[in-house]
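Novice: So here's target35.txt (compact mmCIF, C-alpha atoms).
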# COMPACT_ATOMS: atom_id res chain seq x y z
CA MET Z 14 150.54 352.98 46.59
CA LYS Z 15 149.68 352.18 42.94
CA LYS Z 16 151.00 355.48 41.61
CA TYR Z 17 154.40 354.80 43.21
CA LEU Z 18 154.57 351.28 41.74
CA ASN Z 19 153.93 352.73 38.26
CA THR Z 20 157.11 354.79 38.27
CA PHE Z 21 160.18 353.76 36.33
CA TRP Z 22 162.47 353.46 39.39
CA ALA Z 23 159.86 351.56 41.41
CA ARG Z 24 159.51 348.96 38.68
CA LEU Z 25 163.27 348.70 38.30
CA ALA Z 26 163.64 348.16 42.07
CA ILE Z 27 161.00 345.43 42.01
CA VAL Z 28 162.76 343.68 39.10
CA LEU Z 29 166.09 343.73 40.98
CA LEU Z 30 164.44 342.57 44.20
CA MET Z 31 162.67 339.64 42.56
CA ALA Z 32 165.86 338.66 40.71
CA SER Z 33 167.73 338.64 44.05
CA LEU Z 34 165.02 336.52 45.72
CA CYS Z 35 165.08 334.01 42.87
CA ALA Z 36 168.85 333.73 43.20
CA TRP Z 37 168.53 333.29 46.99
CA PHE Z 38 165.90 330.53 46.63
CA VAL Z 39 168.11 328.68 44.15
CA ILE Z 40 171.04 328.84 46.58
CA GLU Z 41 168.84 327.65 49.48
CA ARG Z 42 167.16 325.04 47.24
CA ASN Z 43 163.78 326.32 48.34
CA TRP Z 44 161.89 325.11 45.31
CA LEU Z 45 158.46 325.95 46.61
CA TRP Z 46 159.15 329.66 47.01
CA LEU Z 47 161.21 329.64 43.80
CA SER Z 48 158.15 328.42 41.85
CA VAL Z 49 156.31 331.45 43.17
CA ALA Z 50 159.15 333.96 42.70
CA VAL Z 51 160.01 333.07 39.08
CA PRO Z 52 156.53 333.83 37.63
CA THR Z 53 156.49 337.04 39.67
CA LEU Z 54 159.89 337.99 38.23
CA ILE Z 55 158.70 337.27 34.69
CA TRP Z 56 155.55 339.34 35.22
CA THR Z 57 157.59 342.22 36.65
CA VAL Z 58 160.09 342.16 33.74
CA TRP Z 59 157.22 342.07 31.28
CA ASN Z 60 155.61 345.17 32.86
CA PHE Z 61 158.98 346.92 32.89
CA TYR Z 62 159.39 346.15 29.19
CA ARG Z 63 155.84 347.39 28.46
CA LEU Z 64 156.65 350.66 30.25
CA TYR Z 65 159.75 351.08 28.07
CA THR Z 66 158.02 350.22 24.76
CA TYR Z 67 154.93 352.29 25.69
CA HIS Z 68 156.88 355.52 25.43
CA THR Z 69 158.58 354.31 22.25
CA ARG Z 70 155.19 353.65 20.69
CA LYS Z 71 154.02 357.13 21.65
CA VAL Z 72 157.05 358.69 19.94
CA ALA Z 73 156.37 356.63 16.81
CA PHE Z 74 152.70 357.64 16.92
CA LEU Z 75 153.72 361.29 17.21
CA LEU Z 76 156.02 361.10 14.17
CA ASP Z 77 153.35 359.33 12.08
CA ALA Z 78 150.77 362.00 12.98
CA ILE Z 79 153.13 364.84 12.02
CA GLU Z 80 154.08 363.10 8.78
CA ASN Z 81 150.38 362.73 7.89
CA ASP Z 82 149.64 366.41 8.73
CA ASP Z 83 147.41 365.56 11.71
CA PRO Z 84 147.18 368.77 13.78
CA ALA Z 85 144.95 367.13 16.41
CA ILE Z 86 147.74 365.01 17.93
CA HIS Z 87 147.84 365.47 21.70
CA PHE Z 88 148.84 363.33 24.69
CA TYR Z 89 146.96 363.50 27.97
CA GLU Z 90 149.24 365.14 30.52
CA GLN Z 91 147.23 364.61 33.74
CA VAL Z 92 148.11 360.94 34.36
CA VAL Z 93 148.92 359.13 37.60
CA ASP Z 94 152.39 358.08 36.50
CA LYS Z 95 154.61 361.15 36.95
CA ASP Z 96 157.19 359.86 34.47
CA ALA Z 97 154.49 359.23 31.86
CA SER Z 98 153.06 362.70 32.51
CA LYS Z 99 156.48 364.30 31.96
CA VAL Z 100 156.97 362.27 28.79
CA ASN Z 101 153.53 363.39 27.47
CA VAL Z 102 154.33 367.04 28.22
CA ILE Z 103 157.61 366.76 26.32
CA LEU Z 104 155.96 364.97 23.38
CA ASN Z 105 153.23 367.65 23.16
CA ARG Z 106 155.91 370.32 23.14
CA ILE Z 107 157.84 368.53 20.39
CA ALA Z 108 154.60 368.18 18.39
CA ARG Z 109 153.92 371.93 18.63
CA LEU Z 110 157.48 372.80 17.60
CA LEU Z 111 157.44 370.46 14.60
CA GLN Z 112 154.01 371.65 13.49
CA ASN Z 113 155.13 375.28 13.73
CA ILE Z 114 158.25 374.51 11.69
CA LYS Z 115 156.19 372.69 9.07
CA LYS Z 116 153.69 375.57 8.92
CA GLU Z 117 156.47 378.14 8.56
CA THR Z 118 158.08 376.05 5.82
CA ALA Z 119 154.77 375.83 3.93
CA GLN Z 120 154.25 379.58 4.26
CA ARG Z 121 157.79 380.25 3.03
CA GLU Z 122 157.27 377.96 0.03
CA LYS Z 123 154.00 379.75 -0.76
CA TYR Z 124 155.80 383.09 -0.44
CA TYR Z 125 158.51 382.04 -2.90
CA GLU Z 126 155.87 380.60 -5.23
CA LEU Z 127 154.00 383.92 -5.29
CA ILE Z 128 157.28 385.71 -6.05
CA MET Z 129 157.97 383.32 -8.93
CA ASP Z 130 154.48 383.83 -10.35
CA SER Z 131 154.85 387.61 -10.23
CA VAL Z 132 157.98 387.80 -12.39
CA GLU Z 133 157.83 388.14 -16.17
CA THR Z 134 160.43 385.41 -16.69
CA GLY Z 135 159.41 381.78 -17.09
CA ILE Z 136 161.16 379.48 -14.60
CA VAL Z 137 161.33 375.68 -14.73
CA VAL Z 138 163.30 373.50 -12.28
CA LEU Z 139 164.28 370.00 -13.50
CA ASP Z 140 166.23 367.01 -12.26
CA ASP Z 141 168.47 364.81 -14.41
CA LYS Z 142 165.55 362.49 -15.23
CA GLY Z 143 163.41 365.29 -16.63
CA ASN Z 144 161.01 365.54 -13.68
CA VAL Z 145 159.69 369.07 -13.10
CA PHE Z 146 160.12 370.10 -9.45
CA GLN Z 147 158.94 373.68 -9.82
CA LYS Z 148 157.53 376.00 -12.48
CA ASN Z 149 155.76 379.34 -12.49
CA GLN Z 150 152.66 380.54 -14.29
CA LYS Z 151 154.70 382.53 -16.82
CA ALA Z 152 156.43 379.34 -18.02
CA LEU Z 153 153.09 377.55 -18.42
CA LYS Z 154 151.77 380.54 -20.34
CA LEU Z 155 154.79 380.54 -22.69
CA PHE Z 156 154.24 376.84 -23.39
CA GLY Z 157 150.46 377.10 -23.60
CA LEU Z 158 150.13 374.25 -21.09
CA ASP Z 159 148.03 373.89 -17.97
CA ILE Z 160 150.10 371.12 -16.33
CA LEU Z 161 153.82 370.35 -16.59
CA THR Z 162 155.30 367.50 -14.55
CA HIS Z 163 157.86 366.06 -16.98
CA VAL Z 164 159.89 367.33 -19.94
CA LYS Z 165 158.23 364.78 -22.23
CA GLN Z 166 155.01 366.79 -22.02
CA LEU Z 167 156.73 369.56 -23.99
CA SER Z 168 156.44 367.37 -27.10
CA ARG Z 169 152.80 368.50 -27.21
CA VAL Z 170 154.18 372.01 -27.84
CA SER Z 171 157.22 371.23 -29.98
CA GLU Z 172 159.76 368.43 -30.33
CA THR Z 173 162.42 371.11 -30.76
CA LEU Z 174 161.51 372.62 -27.40
CA LYS Z 175 161.54 369.23 -25.65
CA LYS Z 176 164.95 368.39 -27.09
CA ALA Z 177 166.35 371.78 -26.00
CA PHE Z 178 165.22 371.15 -22.41
CA GLN Z 179 166.60 367.62 -22.35
CA GLU Z 180 170.01 368.74 -23.65
CA ALA Z 181 170.27 372.00 -21.68
CA LEU Z 182 173.50 372.17 -19.64
CA PRO Z 183 174.28 374.40 -16.61
CA GLY Z 184 175.86 377.71 -17.62
CA GLN Z 185 174.45 377.46 -21.14
CA LYS Z 186 172.61 380.26 -22.97
CA GLN Z 187 170.71 379.57 -26.17
CA GLN Z 188 167.68 380.48 -28.25
CA VAL Z 189 164.90 378.08 -29.20
CA GLU Z 190 162.63 378.82 -32.13
CA TYR Z 191 159.54 376.79 -32.90
CA THR Z 192 156.08 377.18 -34.45
CA THR Z 193 152.75 376.74 -32.67
CA GLU Z 194 149.14 377.52 -33.52
CA ARG Z 195 149.84 381.01 -32.12
CA GLY Z 196 152.61 381.58 -34.65
CA MET Z 197 156.39 381.68 -34.38
CA VAL Z 198 157.80 381.58 -30.83
CA ASN Z 199 161.39 382.55 -30.07
CA LEU Z 200 162.57 381.83 -26.51
CA SER Z 201 165.86 382.64 -24.84
CA MET Z 202 167.06 380.00 -22.34
CA LYS Z 203 169.52 380.48 -19.50
CA VAL Z 204 170.46 377.40 -17.48
CA SER Z 205 171.96 377.27 -13.99
CA ASP Z 206 172.37 374.42 -11.51
CA ILE Z 207 171.85 373.86 -7.80
CA THR Z 208 172.12 370.88 -5.44
CA ILE Z 209 169.39 370.38 -2.82
CA GLN Z 210 169.42 367.39 -0.45
CA ASN Z 211 172.13 365.71 -2.54
CA LYS Z 212 170.00 366.04 -5.68
CA ALA Z 213 171.30 367.95 -8.71
CA LEU Z 214 168.72 370.30 -10.22
CA ARG Z 215 168.73 372.57 -13.27
CA ILE Z 216 167.02 375.96 -13.19
CA ILE Z 217 165.95 377.15 -16.66
CA ALA Z 218 164.94 380.81 -17.11
CA LEU Z 219 162.86 381.62 -20.22
CA ASN Z 220 162.01 384.87 -21.98
CA ASP Z 221 159.89 385.50 -25.06
CA ILE Z 222 162.26 387.43 -27.34
CA ASN Z 223 159.57 388.30 -29.89
CA HIS Z 224 157.31 389.77 -27.21
CA GLU Z 225 160.13 391.88 -25.76
CA LEU Z 226 161.11 393.15 -29.20
CA ASP Z 227 157.49 393.97 -30.03
CA GLU Z 228 157.10 395.89 -26.77
CA ARG Z 229 160.25 397.94 -27.41
CA GLU Z 230 159.39 398.48 -31.06
CA ILE Z 231 155.90 399.76 -30.26
CA ASP Z 232 157.24 402.05 -27.54
CA SER Z 233 159.83 403.42 -29.97
CA TRP Z 234 157.21 404.08 -32.66
CA ILE Z 235 154.92 405.75 -30.14
CA ARG Z 236 157.68 408.10 -28.97
CA LEU Z 237 158.68 408.88 -32.57
CA THR Z 238 155.09 409.54 -33.61
CA ARG Z 239 154.51 411.83 -30.64
CA VAL Z 240 157.58 413.88 -31.53
CA LEU Z 241 156.67 414.09 -35.22
CA THR Z 242 153.02 415.01 -34.67
CA HIS Z 243 153.99 417.58 -32.05
CA GLU Z 244 156.49 419.27 -34.39
CA MET Z 245 154.12 419.14 -37.36
CA MET Z 246 151.27 420.66 -35.35
CA ASN Z 247 153.58 423.41 -34.11
CA SER Z 248 154.31 424.30 -37.74
CA LEU Z 249 150.78 423.91 -39.11
CA THR Z 250 148.88 425.80 -36.39
CA PRO Z 251 150.38 429.26 -37.09
CA ILE Z 252 149.96 428.75 -40.87
CA THR Z 253 146.23 428.01 -40.61
CA SER Z 254 145.75 430.73 -38.01
CA LEU Z 255 147.62 433.37 -40.05
CA SER Z 256 145.86 432.47 -43.32
CA GLU Z 257 142.49 432.73 -41.58
CA THR Z 258 143.42 436.15 -40.19
CA LEU Z 259 144.61 437.41 -43.59
CA LEU Z 260 141.33 436.35 -45.21
CA THR Z 261 139.50 438.85 -43.01
CA LEU Z 262 141.55 441.79 -44.26
CA THR Z 263 140.00 444.16 -46.82
CA ASP Z 264 142.77 443.78 -49.42
CA ALA Z 265 142.41 440.04 -49.42
CA GLN Z 266 138.66 440.26 -49.91
CA LYS Z 267 139.06 442.67 -52.89
CA ASP Z 268 141.82 440.68 -54.62
CA GLU Z 269 140.18 437.48 -55.89
CA GLU Z 270 143.49 435.76 -56.69
CA LEU Z 271 144.91 436.59 -53.25
CA ARG Z 272 141.72 435.41 -51.56
CA GLN Z 273 141.73 432.08 -53.40
CA GLY Z 274 145.39 431.56 -52.55
CA LEU Z 275 144.80 432.20 -48.85
CA GLU Z 276 141.75 429.91 -48.84
CA THR Z 277 143.84 427.18 -50.43
CA ILE Z 278 146.57 427.60 -47.82
CA HIS Z 279 143.96 427.61 -45.03
CA SER Z 280 142.07 424.53 -46.23
CA THR Z 281 145.29 422.62 -46.95
CA GLY Z 282 146.63 423.49 -43.50
CA LYS Z 283 143.44 422.32 -41.82
CA GLY Z 284 143.50 419.13 -43.85
CA LEU Z 285 147.08 418.42 -42.87
CA ALA Z 286 146.25 419.17 -39.22
CA ASN Z 287 143.35 416.70 -39.31
CA PHE Z 288 145.63 414.18 -40.98
CA VAL Z 289 148.25 414.58 -38.24
CA MET Z 290 145.59 414.37 -35.53
CA SER Z 291 144.47 411.01 -36.94
CA TYR Z 292 147.96 409.65 -36.31
CA ARG Z 293 147.84 410.91 -32.74
CA LYS Z 294 145.28 408.18 -32.09
CA LEU Z 295 148.16 405.74 -32.28
CA THR Z 296 149.87 407.30 -29.27
CA ARG Z 297 146.88 408.28 -27.13
CA LEU Z 298 144.54 405.32 -27.00
CA PRO Z 299 142.11 405.31 -24.05
CA SER Z 300 142.57 402.84 -21.22
CA PRO Z 301 140.60 399.64 -21.85
CA GLU Z 302 137.45 398.96 -19.85
CA PRO Z 303 137.10 395.17 -19.96
CA THR Z 304 133.74 393.45 -19.54
CA LEU Z 305 132.52 389.89 -19.96
CA PHE Z 306 130.71 389.27 -23.25
CA ASP Z 307 129.55 386.37 -25.43
CA VAL Z 308 131.91 385.75 -28.33
CA ARG Z 309 129.45 384.23 -30.82
CA PRO Z 310 126.88 387.10 -30.79
CA PHE Z 311 129.79 389.54 -30.96
CA LEU Z 312 131.21 387.86 -34.09
CA GLU Z 313 127.73 387.68 -35.65
CA ARG Z 314 127.45 391.47 -35.24
CA MET Z 315 130.91 391.89 -36.81
CA VAL Z 316 129.82 389.82 -39.82
CA GLN Z 317 126.66 391.89 -40.30
CA LEU Z 318 128.67 395.10 -39.93
CA ALA Z 319 131.16 393.93 -42.60
CA TYR Z 320 128.30 393.17 -45.04
CA HIS Z 321 126.79 396.57 -44.33
CA GLN Z 322 130.08 398.46 -44.84
CA HIS Z 323 130.85 396.65 -48.12
CA PRO Z 324 127.47 396.13 -49.80
CA SER Z 325 128.85 396.18 -53.33
CA THR Z 326 131.57 393.60 -52.72
CA PRO Z 327 130.53 389.97 -53.40
CA ILE Z 328 131.99 388.43 -50.26
CA SER Z 329 131.21 385.29 -48.32
CA ILE Z 330 131.88 385.36 -44.56
CA ILE Z 331 131.43 382.04 -42.76
CA LEU Z 332 131.21 381.80 -38.98
CA GLU Z 333 132.43 378.36 -37.96
CA GLU Z 334 133.59 376.49 -34.84
CA VAL Z 335 132.36 379.02 -32.29
CA GLN Z 336 131.06 377.55 -29.04
CA SER Z 337 127.72 378.97 -27.96
CA ASP Z 338 128.92 379.38 -24.34
CA LEU Z 339 132.33 380.90 -25.16
CA MET Z 340 132.93 384.07 -23.13
CA ALA Z 341 135.68 386.71 -23.37
CA TYR Z 342 136.84 389.35 -20.91
CA ALA Z 343 137.99 392.42 -22.83
CA ASP Z 344 137.06 395.93 -23.92
CA GLU Z 345 134.27 395.21 -26.39
CA SER Z 346 134.57 398.58 -28.17
CA MET Z 347 138.30 398.02 -28.76
CA MET Z 348 137.63 394.47 -29.92
CA THR Z 349 135.04 395.88 -32.37
CA GLN Z 350 137.66 398.14 -33.91
CA VAL Z 351 140.23 395.32 -34.07
CA MET Z 352 137.81 392.92 -35.77
CA THR Z 353 136.63 395.68 -38.13
CA ASN Z 354 140.22 396.29 -39.26
CA LEU Z 355 140.88 392.57 -39.77
CA LEU Z 356 137.66 391.98 -41.71
CA LYS Z 357 138.29 395.10 -43.83
CA ASN Z 358 141.79 393.84 -44.74
CA ALA Z 359 140.43 390.36 -45.47
CA ILE Z 360 137.71 391.78 -47.76
CA GLN Z 361 140.26 393.91 -49.61
CA ALA Z 362 142.51 390.85 -50.01
CA ILE Z 363 139.78 388.85 -51.79
CA ASP Z 364 138.18 391.77 -53.60
CA ASP Z 365 139.23 390.53 -57.05
CA ASN Z 366 138.56 386.87 -56.33
CA PRO Z 367 135.06 385.71 -57.42
CA LYS Z 368 135.46 382.70 -55.12
CA GLY Z 369 136.77 384.76 -52.25
CA GLU Z 370 135.83 383.55 -48.80
CA ILE Z 371 136.42 384.65 -45.20
CA ARG Z 372 136.20 382.28 -42.24
CA LEU Z 373 135.90 383.13 -38.55
CA ARG Z 374 136.80 380.73 -35.76
CA ALA Z 375 136.81 381.19 -31.99
CA TYR Z 376 137.84 378.69 -29.34
CA CYS Z 377 139.36 378.36 -25.87
CA ASP Z 378 142.50 376.46 -24.88
CA GLU Z 379 143.42 374.61 -21.66
CA GLN Z 380 144.49 377.85 -19.96
CA ASP Z 381 141.16 379.58 -20.74
CA MET Z 382 142.79 381.81 -23.35
CA VAL Z 383 140.34 382.84 -26.10
CA TYR Z 384 141.49 382.64 -29.72
CA ILE Z 385 139.69 384.41 -32.58
CA GLU Z 386 140.93 383.60 -36.08
CA VAL Z 387 140.16 385.57 -39.25
CA SER Z 388 141.14 383.64 -42.42
CA ASN Z 389 140.82 384.48 -46.10
CA ASN Z 390 141.76 382.68 -49.32
CA GLY Z 391 143.25 385.75 -50.98
CA PRO Z 392 146.77 386.08 -52.41
CA LYS Z 393 149.70 384.94 -50.33
CA ILE Z 394 151.42 387.62 -48.25
CA LEU Z 395 155.11 387.79 -49.08
CA PRO Z 396 157.50 387.18 -46.14
CA GLU Z 397 159.13 390.62 -46.48
CA ILE Z 398 155.69 392.24 -46.26
CA ALA Z 399 154.53 390.02 -43.39
CA GLU Z 400 157.49 391.17 -41.29
CA GLN Z 401 156.40 394.82 -41.58
CA MET Z 402 152.61 394.55 -41.47
CA PHE Z 403 152.30 395.79 -37.86
CA ILE Z 404 154.79 398.66 -38.26
CA PRO Z 405 153.06 402.05 -38.10
CA PHE Z 406 152.60 403.82 -41.46
CA PHE Z 407 153.59 400.75 -43.48
CA THR Z 408 151.04 399.95 -46.19
CA THR Z 409 150.88 398.31 -49.60
CA LYS Z 410 147.63 400.12 -50.54
CA GLU Z 411 147.59 403.30 -52.58
CA GLU Z 412 145.09 404.99 -50.27
CA GLY Z 413 146.07 403.22 -47.05
CA SER Z 414 147.26 405.06 -43.94
CA GLY Z 415 149.25 402.16 -42.48
CA ILE Z 416 147.92 402.55 -38.94
CA GLY Z 417 145.02 400.05 -38.86
CA LEU Z 418 147.00 396.97 -37.86
CA SER Z 419 149.42 398.91 -35.67
CA ILE Z 420 146.52 400.44 -33.71
CA SER Z 421 144.91 397.00 -33.46
CA LYS Z 422 148.12 395.55 -32.10
CA GLN Z 423 148.44 398.30 -29.52
CA MET Z 424 144.80 397.84 -28.47
CA MET Z 425 145.44 394.15 -27.89
CA ARG Z 426 148.64 394.96 -26.04
CA LEU Z 427 146.78 397.33 -23.68
CA GLN Z 428 144.36 394.49 -22.85
CA GLY Z 429 147.13 391.99 -22.19
CA GLY Z 430 146.42 390.12 -25.42
CA SER Z 431 148.09 389.87 -28.80
CA ILE Z 432 147.47 389.78 -32.54
CA SER Z 433 149.67 388.01 -35.07
CA LEU Z 434 149.83 386.57 -38.56
CA LEU Z 435 150.02 382.77 -38.58
CA PRO Z 436 152.22 380.87 -41.03
CA ARG Z 437 150.46 380.26 -44.35
CA ASN Z 438 148.28 377.14 -44.18
CA ASP Z 439 147.42 375.71 -47.61
CA GLU Z 440 145.49 378.46 -49.40
CA TRP Z 441 144.50 380.46 -46.32
CA THR Z 442 145.97 383.58 -44.73
CA THR Z 443 145.07 383.72 -41.04
CA PHE Z 444 145.30 386.45 -38.41
CA VAL Z 445 144.77 385.33 -34.81
CA VAL Z 446 143.66 387.48 -31.88
CA ILE Z 447 144.49 386.09 -28.42
CA LEU Z 448 142.77 387.22 -25.23
CA ASN Z 449 144.31 386.16 -21.89
Please re-express this file's structure in structure tokens.
Specialist:
Amino acid sequence: MKKYLNTFWARLAIVLLMASLCAWFVIERNWLWLSVAVPTLIWTVWNFYRLYTYHTRKVAFLLDAIENDDPAIHFYEQVVDKDASKVNVILNRIARLLQNIKKETAQREKYYELIMDSVETGIVVLDDKGNVFQKNQKALKLFGLDILTHVKQLSRVSETLKKAFQEALPGQKQQVEYTTERGMVNLSMKVSDITIQNKALRIIALNDINHELDEREIDSWIRLTRVLTHEMMNSLTPITSLSETLLTLTDAQKDEELRQGLETIHSTGKGLANFVMSYRKLTRLPSPEPTLFDVRPFLERMVQLAYHQHPSTPISIILEEVQSDLMAYADESMMTQVMTNLLKNAIQAIDDNPKGEIRLRAYCDEQDMVYIEVSNNGPKILPEIAEQMFIPFFTTKEEGSGIGLSISKQMMRLQGGSISLLPRNDEWTTFVVILN
């Protein structure tokens, strides 16, 4: 009997019945029975109201659980009240549907986030107040930041960059140039707009122009060098081979002048061939084999090697600001050649300076990028020379080959790093090697 009284229609019938009885007792002036019927009517209405609000509270509880990411929400379906059981079944179904939709939405957002992080273009999404709604890892890498939640944080990188972001308008294309501790940065910005949930957003796409130009320039020099060395070797090989063959002939052995001439041609040809082969190193570097190594012991070995290679040069190499626990992940043999080239250039720059000094620094930034700086107090490098220092075959030395810095740059490029000349600071010329 109780399970029938708990149904919605049973309670509604009881409410109507008690209301009718109360009205009848008032008409008949039966005050005794009316005093009994009125409390019963009030109790029945109250239970009817509780039944109505009970389901409302369950719906509210369901929405709160979903909003708070509670996957354990579940209503007991095997209850006596059939209407309550049906309501619980429906609420459990709604909960499963909403949780599935929320899970699919989260997976889709993660999917788009992975796509954004895989592209080589920096992307930042802003609102009109400068709040950052979305950004990818490439953008953070371009800025050298670990966290970016508001445009104002870009002032830590450059006030010029922050101003460009604040004033960027949809449909606009511009270039932003600013200086950081890594050197000169030149970014191209393309701005577009979108409205999501009645909120206007700006999507800013960023590309490092200098990096793209460097990549294309290196590729062009590599292709040119391959063509030149190939053609030169094609011409030199038959000359050396033919001169060697002619030296074995009887006439050449009897004629001293002819023999000396052929030997000169042969030795010169072999020398030129070896010279050309040295330039082939620029185009056929081995693939890097990165390992984890301690930076400080590595730099200490580089300092000792520099002293050993230049024993007659009165140089002073100071190792400063290198954390004892600083680690780098790179090809150590390639890094040895890069540091050897930089130290050699630094020693040559201060060769005539009795107070010449070289300083080495190594540190790590917020994004775990390792910086190694090689500074010297030699003569200032002219701007027109600085622009060409990493171009293959360019040199200001009488006996220089012009491939040391270009090979170093390519080695760093193969490892995902970079090497650059920083703007002149006081009396110091500084080259910085960056390992990602």
Novice: Between CA of Lys357 (chain Z) and CA of Leu305 (chain Z), what is the distance, to one decimal in Å?
Specialist: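 One can read the CA of Lys357 (chain Z) to CA of Leu305 (chain Z) distance as 25.1 Å.
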Novice: Between Z:Leu427, Z:Glu190, Z:Ile207, Z:Glu397, which one has atoms that come closest to Glu302 (chain Z), using only C-alpha atoms?
Specialist: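 Residue with the minimum atom-to-atom distance to Glu302 (chain Z): Z:Leu427.
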Novice: How far is it from CA of Ala108 (chain Z) to CA of Phe74 (chain Z), in Å with one decimal?
Specialist: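 Here the two named atoms are 10.8 Å from each other.
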Novice: So which residues touch Thr442 (chain Z) within 12 Å, counting all atoms listed in the file, skipping near sequence neighbours fewer than 2 positions away, as an NGL selection string?
Specialist: :Z and (355 or 358-359 or 362-363 or 369-373 or 386-395 or 399 or 433-440 or 444-445)
Novice: Would you please work out which residue, of Z:Leu111, Z:Leu200, Z:Cys377, Z:Met31, is nearest to Glu80 (chain Z) when using only C-alpha atoms?
Specialist: Z:Leu111
Novice: Select, from Z:Asp364, Z:Glu334, Z:Asp159, Z:Asp141, the residue with the minimum atom-to-atom distance to Ala181 (chain Z), counting only C-alpha atoms.
Specialist: Z:Asp141
Novice: Figure out the distance between CA of Ser300 (chain Z) and CA of Val198 (chain Z), please, to one decimal in Å.
Specialist: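 About the pair CA of Val198 (chain Z) and CA of Ser300 (chain Z): they are 27.9 Å apart.
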Novice: Quick one: residues within 9 Å of region 213-215 of chain Z, only C-alpha atoms counted, chain neighbours fewer than 4 positions away excluded, as a ChimeraX atom specification?
Specialist: /Z:137-141,146,181-183,204-209
Novice: Taking N, CA and C atoms as the atom set, what does region 426-441 of chain Z look like once completed, written as a compact mmCIF listing (two decimals), keeping the file's coordinate frame?
Specialist:
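selection-v4.txt was written with the following content:
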# COMPACT_ATOMS: atom_id res chain seq x y z
N ARG Z 426 147.57 394.87 -27.03
CA ARG Z 426 148.64 394.96 -26.04
C ARG Z 426 148.13 395.60 -24.74
N LEU Z 427 147.31 396.67 -24.86
CA LEU Z 427 146.78 397.33 -23.68
C LEU Z 427 145.87 396.41 -22.87
N GLN Z 428 145.26 395.43 -23.54
CA GLN Z 428 144.36 394.49 -22.85
C GLN Z 428 145.07 393.22 -22.40
N GLY Z 429 146.39 393.18 -22.58
CA GLY Z 429 147.13 391.99 -22.19
C GLY Z 429 147.03 390.86 -23.19
N GLY Z 430 146.53 391.14 -24.39
CA GLY Z 430 146.42 390.12 -25.42
C GLY Z 430 147.43 390.34 -26.52
N SER Z 431 147.17 389.74 -27.67
CA SER Z 431 148.09 389.87 -28.80
C SER Z 431 147.35 389.63 -30.10
N ILE Z 432 147.98 390.04 -31.20
CA ILE Z 432 147.47 389.78 -32.54
C ILE Z 432 148.66 389.45 -33.42
N SER Z 433 148.53 388.44 -34.25
CA SER Z 433 149.67 388.01 -35.07
C SER Z 433 149.17 387.35 -36.34
N LEU Z 434 150.09 387.25 -37.30
CA LEU Z 434 149.83 386.57 -38.56
C LEU Z 434 150.41 385.17 -38.47
N LEU Z 435 149.56 384.15 -38.66
CA LEU Z 435 150.02 382.77 -38.58
C LEU Z 435 150.72 382.38 -39.88
N PRO Z 436 151.61 381.38 -39.80
CA PRO Z 436 152.22 380.87 -41.03
C PRO Z 436 151.16 380.39 -42.02
N ARG Z 437 151.42 380.59 -43.30
CA ARG Z 437 150.46 380.26 -44.35
C ARG Z 437 150.09 378.78 -44.28
N ASN Z 438 148.78 378.51 -44.23
CA ASN Z 438 148.28 377.14 -44.18
C ASN Z 438 147.49 376.85 -45.45
N ASP Z 439 148.06 376.02 -46.33
CA ASP Z 439 147.42 375.71 -47.61
C ASP Z 439 147.14 377.00 -48.39
N GLU Z 440 145.86 377.29 -48.61
CA GLU Z 440 145.49 378.46 -49.40
C GLU Z 440 144.95 379.59 -48.53
N TRP Z 441 145.13 379.51 -47.22
CA TRP Z 441 144.50 380.46 -46.32
C TRP Z 441 145.53 381.34 -45.59
